[in-house]
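Chemist: One structure follows; several queries about it will come next.
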Amino acid sequence: MFIQSSLSEKSTFFQKLRSFDYIMLLCILVLGIVSSFAMYSTDGGELRYHTESHIIRFVIFFMMMIFISFINIKTWHTFGYLFYIIVLGLLIWASLFGITAQGSQRWINLYFINLQPSELMKIAIILCFAKYFHRIQLSNVNRLKNIIIPLLILFIPIALVISQPDLGTSILIALSGIIVLWLAGINIKYFFYSSLVFIISAPFVISFLKPYQKLRILTFFDPDKDPLGAGYQIIQSKIAVGSGGLTGKGYLKGTQGYLEFLPEKHTDFIFTLFSEEFGFLGSIFLLIVYAILIYRILKIGSLSRSFFGKFFCYGFGSAIFVYITVNMSMVLGLLPIVGSPLPIMSYGGSSMLATMIGLGIVMSTKIYERQLIS
Amino acid sequence: MIGSGEDSGFKKSNTINRRMFIFAAAKAVVFFGIVGRLFSLQISENKKYLTLSDKNRLREARLPPVRGEFVDYFGNRIAKNLTVYQLHVVPEQVEDFKTLMVRLKDILNLNDDRLQDLIKKKNQQKPWETLIVSENLTWDEFSKINFYLHELSGARPVLTVGRNYPYSETYTHVLGYVSEASVNDLVSNETIKDRNVPGLRVGKTGLEKALENELIGTNGVQRFEVNAYGKRINQIDFKEGEQGKTIKLTIDTEIQKYTQELLNKRAGSISVMDIYTGEIIAMNSSPSFDPNLFLYGIEKNKWNEIKKDPLKPLLNKTVSGLYSPGSTIKPLVALSALENDVITTNLKVNCRGHKHPLELYGMKYHCWKKQGHGYMSLQNAIKQSCDTYFYEAARLLGVDRLNVTAKKFGLGNVVLGEYFNEKKGVVPSTKWKKEAIGQNWYLGETLINGIGQGYIQTTPLQLCLMTAQLANGGHKIYPKIIFDNKQDAIEDIKRKMKFAEEKNDEDSKLLSATEKFFNPNEKTYEALYRNKENVKFVLDAMFKSTNELYGTSFSSRIEDPKYQFAGKTGTAQVKRITEAERELDLKTDQIPYKQRDHAWYIAFGPYKDPRYAVSILVEHGGSGSSTAAPIAKKLFKFLIDRHELREKTKKRNLTNINI
């Protein structure tokens, strides 16, 4: 074991390069390319702002991901808490001095990019929990202390994000954390009871929501009630997807997107646009690419020798799955509209940055899969 | 990690993997859930969403139908379509209606009232219905709108067609006018309702209203692809509408214009009719007004001015004005008396003037001539319009027999049928009085009926028809104002009249009719008389009335046989003249306007081979011979000078349309 670990620690650049997960890499590239084409379509078939910056970001962040892959997994373990604290600091910074747009204060101006720390928190919370539960023995997991502390770690950023207000991201942060808590072996009954409590308290929680959020939840149950108002997005999105049919309306020929019936088509509704133009077959193709990506991430996790690597890969892979399903369910009218981007596909630097950091760490887990962390 | 850690680490690893497995299984379920949802939306319900998507992106715009035009006998357009510039707004497609309106108000200099009206109108209609901000923009305004269009999202400059009456006042009562369709129009006419678009103009009066369904045309349809904000991206489909029918009238614009000149804004009416074809060559009611004022909504003060004018420009006097015919009825009374053998042409009556009026049951019946006419024969009585003679003739004839003759010749019934709001008028009879008033007929009423006073009421067009039917030798004709390309040629009409005359003679001898050989649709121009000589006698007397010394319209005669006409004056009292007034013997201009007599003149010409009949009325114009007959003199000159041109055009008209 020691020999092997020291081997991998000192393996050459080419050895590291050879141990890359190329299938995963391919999936990421495919998604990057597909998303660039989709972005081109949202720009109305012209190479304009969204397409250009999306491609530039993808290229930069992809290279960054490769770079991260070469960083030893041990380093991520070491700086796990620090990363969380930095992101938490940025979140607080955002709520104090952040940029307000569309009624929500969630961005920090870093001059070269408007950073949305809440997106990074999705990764940070997994990293932080992975480190926390890496050490704790199974028998100690269900101790009160080991439940309270993680919950505090989880609640602080959630509270900050909700107050921005950004319901969608806070739900995704919560789900990311809960996934790791579940994997860590916390007693099922806690999950059971807390979900019971959540269901019962849901009406009270809803009453604290902003009016537009309440409206979104209400219209989810009956979008036709206000077809030109709050139900508009759901209805138009369903029309776009539904009218796509088996093979779609053809690239750059999606009338719903082209004629601007689709809301937020660059970001949350990018899948709708893709699905309208490429139809059922295209959508299935995209789903399969995502499925392979997730499968590879989970596979890397299962082969990892360290609990930290396992927790992170399982957690991150599952989180990616949750992001995808929440986004798709939302645009297909299965869930209320809450802001949640589709990983890699959606326009948005912070989301892409967070996803790429996560993928980089996963790749690093693969390269250093025999690395033990004490 | 090492040692005891080994075992617990193994357990921990197991837990993680087990939980991951459970979670992965759940993921697979969710995953297939999403696939299922995609399948249901894109495959199962594809049709439904495709339809919805098309509904989203496609908008149909119904274009206003293009109205048919009116042309006169010579093909001049008398009601035509002009390009007009309009500004439309579809409220649904406007992001901020108030801001847009304020901006438009600046650009078009709209006043506050208009703005309030528009906002009110917008609130009353559906958000997707077009709101017409301005119906008749000048070219300057239109270019200005186009210049600022980028900042006027939702505003749509539109080129459309609007009505125009180039001869303004000349045809007002014939054509009527169009104006925006009202709720009433939509309810009463299915075709209008069917083809309605915002701002549609429909006929309100006259032929524009009567022929609405032929004129209106069909809607064009434009299919557009629009974006989410309703902005038109491109046109997908365009179906042109069909223009409404062009309608050719029998009227001669030059004569129509001239009649208006002759009436010179006095209240009155002139009608001119072809005595064979029944074509109306001119039909003017005065005073008139400019129908163009009504196209885009008339201003209130102008409307009040027209409405309150004592000369009643809104009334089409030719067909809807009812007047006592006065002495113009005398030829008909004479004819009726001769036809019924109650008098002979040799009957003499002594007219002894105001000092010795005819007395009946204590009532006195005066002749218009103070000194009296002396002994009058029938011919002289017509020529000099002796009332006393006709009191006697009417007394012998009786009201009921006169009624039969008058009705035969076109009184007491509408002339043109459904086109105008025509009045039937009254030709009294004993039965009529019993039914309408509930009283018995008095003999005195028969007497004044004989000089065209009392209950009898006629329209100027009825008298024109009566004159025409006398002038053509006493044959029924078929009046029309719309050109009929299947009409009989003049020669055919004359031949048929001849035939009817012979048949009339036979009928009086032998009752066996040969009618079954006739096509029931064929016009028969049947004879309205029993003995042709009687009609000839009356026409001759009318000739003498105009062309011989002592005739009532002698001063208005034309000696040139080309233009020579024959006529009968009429001076219809509008109130009973009291004994005191008779003593005063006032001149026309000394009497208040409303109490002055109506001046009548009926005539036909050229006498040698008559072709045209006219009736002239000047309301409160004084005597027929001083006011109405001089008009006829000018009119016949003008009319007959245009005869050749008309005949030439007729041939062209008939051959052209038949192709």
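Just remember, in the structure tokens the first chain shown is A, the second B, etc., residues are 1-based per chain, and ligands are 1-based in the order shown.
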Could you give me, as a Markdown table, every chain B residue with an atom at most 7 Å from chain A, plus its closest atom pair and distance in Å to one decimal, counting only C-alpha atoms, rows ordered by chain then number?

Modeler:
| residue | atom | partner | partner_atom | distance |
| --- | --- | --- | --- | --- |
| B:Met1 | CA | A:Ser374 | CA | 6.9 |
| B:Ser8 | CA | A:Gln137 | CA | 6.7 |
| B:Lys12 | CA | A:Leu138 | CA | 5.5 |
| B:Thr15 | CA | A:Gly185 | CA | 6.3 |
| B:Ile16 | CA | A:Leu183 | CA | 5.2 |
| B:Arg19 | CA | A:Leu183 | CA | 5.7 |
| B:Met20 | CA | A:Leu183 | CA | 6.4 |
| B:Ile34 | CA | A:Ser329 | CA | 6.9 |
| B:Leu38 | CA | A:Phe280 | CA | 6.7 |
| B:Phe39 | CA | A:Phe280 | CA | 6.9 |
| B:Leu41 | CA | A:Gly242 | CA | 4.5 |
| B:Gln42 | CA | A:Gly242 | CA | 4.3 |
| B:Ile43 | CA | A:Gly245 | CA | 5.6 |
| B:Glu45 | CA | A:Gly242 | CA | 6.6 |
| B:Asn46 | CA | A:Gly242 | CA | 5.1 |
| B:Tyr49 | CA | A:Ser243 | CA | 4.7 |
| B:Leu50 | CA | A:Ser243 | CA | 4.2 |
| B:Leu52 | CA | A:Ile239 | CA | 6.5 |
| B:Ser53 | CA | A:Ile239 | CA | 6.0 |
| B:Val226 | CA | A:Leu259 | CA | 6.9 |
| B:Asn227 | CA | A:Leu259 | CA | 4.2 |
| B:Ala228 | CA | A:Phe261 | CA | 4.6 |

Chemist: Would you output that residue set with C-alpha atoms, as a short mmCIF file (atom, residue, chain, number, x, y, z; two decimals), in the first residue's frame?

Modeler:
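Output file again-v1.cif follows:
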data_model
loop_
_atom_site.label_atom_id
_atom_site.label_comp_id
_atom_site.auth_asym_id
_atom_site.auth_seq_id
_atom_site.Cartn_x
_atom_site.Cartn_y
_atom_site.Cartn_z
CA MET B 1 -6.85 4.19 10.22
CA SER B 8 -14.43 -0.07 11.02
CA LYS B 12 -17.88 2.39 6.82
CA THR B 15 -22.29 1.60 4.46
CA ILE B 16 -21.26 4.23 1.98
CA ARG B 19 -26.30 3.85 0.64
CA MET B 20 -24.86 4.94 -2.69
CA ILE B 34 -37.82 12.25 -16.93
CA LEU B 38 -40.16 13.69 -22.42
CA PHE B 39 -41.86 10.85 -24.23
CA LEU B 41 -44.69 15.59 -24.20
CA GLN B 42 -42.78 15.03 -27.39
CA ILE B 43 -44.25 11.84 -28.75
CA GLU B 45 -48.85 14.90 -27.10
CA ASN B 46 -46.71 16.23 -29.91
CA TYR B 49 -48.12 21.14 -28.55
CA LEU B 50 -47.38 21.67 -32.23
CA LEU B 52 -50.14 25.40 -29.53
CA SER B 53 -46.79 26.41 -30.88
CA VAL B 226 -45.01 36.95 -34.61
CA ASN B 227 -42.63 36.82 -31.69
CA ALA B 228 -43.55 36.67 -28.02
#

Chemist: Can you list, as a PyMOL selection string, every residue of region 68-116 of chain B that DSSP puts in alpha helix (DSSP H)?

Modeler: chain B and resi 97-108+112-116

Chemist: Take the residues that were just selected and, keeping N, CA and C atoms, output them as a compact mmCIF listing (two decimals), in the first residue's frame.

Modeler:
# COMPACT_ATOMS: atom_id res chain seq x y z
N PHE B 97 -49.04 51.05 -22.53
CA PHE B 97 -50.02 51.75 -23.35
C PHE B 97 -49.99 53.26 -23.09
N LYS B 98 -49.93 53.63 -21.81
CA LYS B 98 -49.97 55.06 -21.45
C LYS B 98 -48.82 55.82 -22.08
N THR B 99 -47.62 55.25 -21.94
CA THR B 99 -46.43 55.92 -22.48
C THR B 99 -46.55 56.09 -23.98
N LEU B 100 -47.01 55.03 -24.64
CA LEU B 100 -47.16 55.08 -26.09
C LEU B 100 -48.13 56.19 -26.48
N MET B 101 -49.24 56.26 -25.75
CA MET B 101 -50.26 57.26 -26.08
C MET B 101 -49.71 58.67 -25.89
N VAL B 102 -48.96 58.87 -24.83
CA VAL B 102 -48.40 60.20 -24.57
C VAL B 102 -47.44 60.57 -25.70
N ARG B 103 -46.67 59.59 -26.11
CA ARG B 103 -45.71 59.81 -27.20
C ARG B 103 -46.46 60.16 -28.50
N LEU B 104 -47.52 59.38 -28.77
CA LEU B 104 -48.31 59.62 -29.99
C LEU B 104 -48.99 60.98 -29.94
N LYS B 105 -49.41 61.32 -28.75
CA LYS B 105 -50.08 62.60 -28.58
C LYS B 105 -49.13 63.73 -29.00
N ASP B 106 -47.88 63.60 -28.59
CA ASP B 106 -46.88 64.59 -28.97
C ASP B 106 -46.70 64.64 -30.47
N ILE B 107 -46.55 63.45 -31.06
CA ILE B 107 -46.21 63.40 -32.48
C ILE B 107 -47.37 63.89 -33.34
N LEU B 108 -48.58 63.48 -32.97
CA LEU B 108 -49.73 63.79 -33.83
C LEU B 108 -50.52 65.01 -33.37
N ASP B 112 -56.62 66.51 -25.79
CA ASP B 112 -56.89 65.67 -24.61
C ASP B 112 -58.18 64.88 -24.75
N ASP B 113 -59.18 65.49 -25.37
CA ASP B 113 -60.47 64.81 -25.54
C ASP B 113 -60.30 63.54 -26.35
N ARG B 114 -59.55 63.68 -27.44
CA ARG B 114 -59.31 62.54 -28.33
C ARG B 114 -58.59 61.44 -27.56
N LEU B 115 -57.62 61.86 -26.74
CA LEU B 115 -56.83 60.90 -25.95
C LEU B 115 -57.74 60.14 -24.98
N GLN B 116 -58.62 60.92 -24.32
CA GLN B 116 -59.55 60.28 -23.39
C GLN B 116 -60.46 59.29 -24.12

Chemist: Give me the residues near Lys121 (chain B) as an MDAnalysis selection string, where near means some atom within 12 Å (using only C-alpha atoms) and where sequence neighbours in that chain fewer than 3 positions away do not count.

Modeler: chainID B and resid 89 91 114:118 124:127 129:133 198

Chemist: Could you write out that same residue set with N, CA and C atoms as a compact mmCIF listing (two decimals), in the first residue's frame?

Modeler:
# COMPACT_ATOMS: atom_id res chain seq x y z
N VAL B 89 -53.18 50.57 -33.33
CA VAL B 89 -52.45 50.06 -32.17
C VAL B 89 -53.20 48.83 -31.68
N PRO B 91 -53.53 46.91 -28.44
CA PRO B 91 -53.13 47.10 -27.04
C PRO B 91 -52.35 45.91 -26.48
N ARG B 114 -59.55 63.68 -27.44
CA ARG B 114 -59.31 62.54 -28.33
C ARG B 114 -58.59 61.44 -27.56
N LEU B 115 -57.62 61.86 -26.74
CA LEU B 115 -56.83 60.90 -25.95
C LEU B 115 -57.74 60.14 -24.98
N GLN B 116 -58.62 60.92 -24.32
CA GLN B 116 -59.55 60.28 -23.39
C GLN B 116 -60.46 59.29 -24.12
N ASP B 117 -60.93 59.72 -25.29
CA ASP B 117 -61.78 58.85 -26.11
C ASP B 117 -61.09 57.54 -26.42
N LEU B 118 -59.82 57.66 -26.82
CA LEU B 118 -59.05 56.47 -27.19
C LEU B 118 -58.88 55.53 -26.01
N GLN B 124 -62.90 49.42 -23.57
CA GLN B 124 -64.15 48.73 -23.93
C GLN B 124 -63.90 47.51 -24.79
N GLN B 125 -62.80 47.50 -25.52
CA GLN B 125 -62.62 46.39 -26.45
C GLN B 125 -61.63 45.37 -25.91
N LYS B 126 -61.54 44.25 -26.60
CA LYS B 126 -60.64 43.17 -26.21
C LYS B 126 -59.19 43.59 -26.49
N PRO B 127 -58.26 43.10 -25.67
CA PRO B 127 -56.88 43.58 -25.83
C PRO B 127 -56.25 43.24 -27.17
N GLU B 129 -57.87 43.34 -30.03
CA GLU B 129 -58.55 44.05 -31.11
C GLU B 129 -57.81 45.35 -31.44
N THR B 130 -57.81 45.65 -32.72
CA THR B 130 -57.08 46.83 -33.17
C THR B 130 -57.77 48.11 -32.70
N LEU B 131 -56.97 49.00 -32.20
CA LEU B 131 -57.48 50.31 -31.83
C LEU B 131 -56.98 51.29 -32.89
N ILE B 132 -57.92 52.00 -33.51
CA ILE B 132 -57.50 52.93 -34.55
C ILE B 132 -57.28 54.29 -33.91
N VAL B 133 -56.02 54.68 -33.86
CA VAL B 133 -55.69 55.93 -33.19
C VAL B 133 -56.04 57.10 -34.09
N PRO B 198 -62.09 46.36 -37.38
CA PRO B 198 -62.15 47.68 -36.76
C PRO B 198 -62.02 48.76 -37.82

Chemist: Using DSSP on the backbone coordinates, identify the residues of region 122-250 of chain B assigned to strand (DSSP E); present them as JSON, numbers by chain.

Modeler: {"B": [131, 132, 133, 134, 135, 136, 137, 155, 156, 157, 158, 159, 160, 161, 162, 163, 164, 178, 179, 180, 201, 202, 203, 221, 222, 223, 224, 225, 226, 232, 233, 234, 235, 236, 237, 238, 239, 247, 248]}

Chemist: Please list as a list of chain:residue names every residue within 12 Å of Trp303 (chain B), counting only C-alpha atoms and excluding residues in the same chain fewer than 5 positions away.

Modeler: B:Phe289, B:Asp290, B:Pro291, B:Leu293, B:Phe294, B:Gly297, B:Ile298, B:Lys308, B:Asp309, B:Pro313, B:Leu314

Chemist: Could you give me, as JSON, numbers by chain, the residues within 8 Å of Ile173 (chain A), counting only C-alpha atoms and dropping anything in the same chain fewer than 3 positions from it?

Modeler: {"A": [121, 122, 125, 158, 169, 170, 176, 177]}

Chemist: Write out as number ranges by chain the residues lying within 12 Å of Lys634 (chain B), counting only C-alpha atoms and excluding same-chain residues fewer than 4 positions away.

Modeler: B: 255, 258-259, 261-263, 556-558, 563-565, 614, 616, 628-630, 638-641

Chemist: Within 6 Å of Tyr73 (chain B), counting only C-alpha atoms, which residues show up once you throw out same-chain ones fewer than 6 positions away? Write them as a list in words, please.

Modeler: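 Here the qualifying residues turn out to be Leu249, Thr250, Ile251 and Asp252 of chain B.
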
Chemist: Name the closest residue to Val326 (chain A) among the candidates A:Tyr49, A:Phe308, A:Ile367, A:Phe271; distances are taken between atoms, counting only C-alpha atoms.

Modeler: A:Phe271

Chemist: Within 9 Å of region 61-78 of chain A, which residues of region 273-359 of chain A come that close, and what is the closest atom pair and distance in Å for each? Count only C-alpha atoms and give it as JSON lines.

Modeler:
{"residue": "A:Phe308", "atom": "CA", "partner": "A:His77", "partner_atom": "CA", "distance": 7.1}
{"residue": "A:Gly309", "atom": "CA", "partner": "A:Ile73", "partner_atom": "CA", "distance": 7.5}
{"residue": "A:Met352", "atom": "CA", "partner": "A:Phe61", "partner_atom": "CA", "distance": 7.4}
{"residue": "A:Leu353", "atom": "CA", "partner": "A:Phe61", "partner_atom": "CA", "distance": 6.2}
{"residue": "A:Met356", "atom": "CA", "partner": "A:Met65", "partner_atom": "CA", "distance": 5.5}
{"residue": "A:Ile357", "atom": "CA", "partner": "A:Met65", "partner_atom": "CA", "distance": 6.0}
{"residue": "A:Gly358", "atom": "CA", "partner": "A:Met65", "partner_atom": "CA", "distance": 8.3}
{"residue": "A:Leu359", "atom": "CA", "partner": "A:Met65", "partner_atom": "CA", "distance": 6.7}

Chemist: Just give me the gap between CA of Val59 (chain A) and CA of Ser35 (chain A) in Å, one decimal is fine.

Modeler: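 These two atoms are separated by 12.3 Å.
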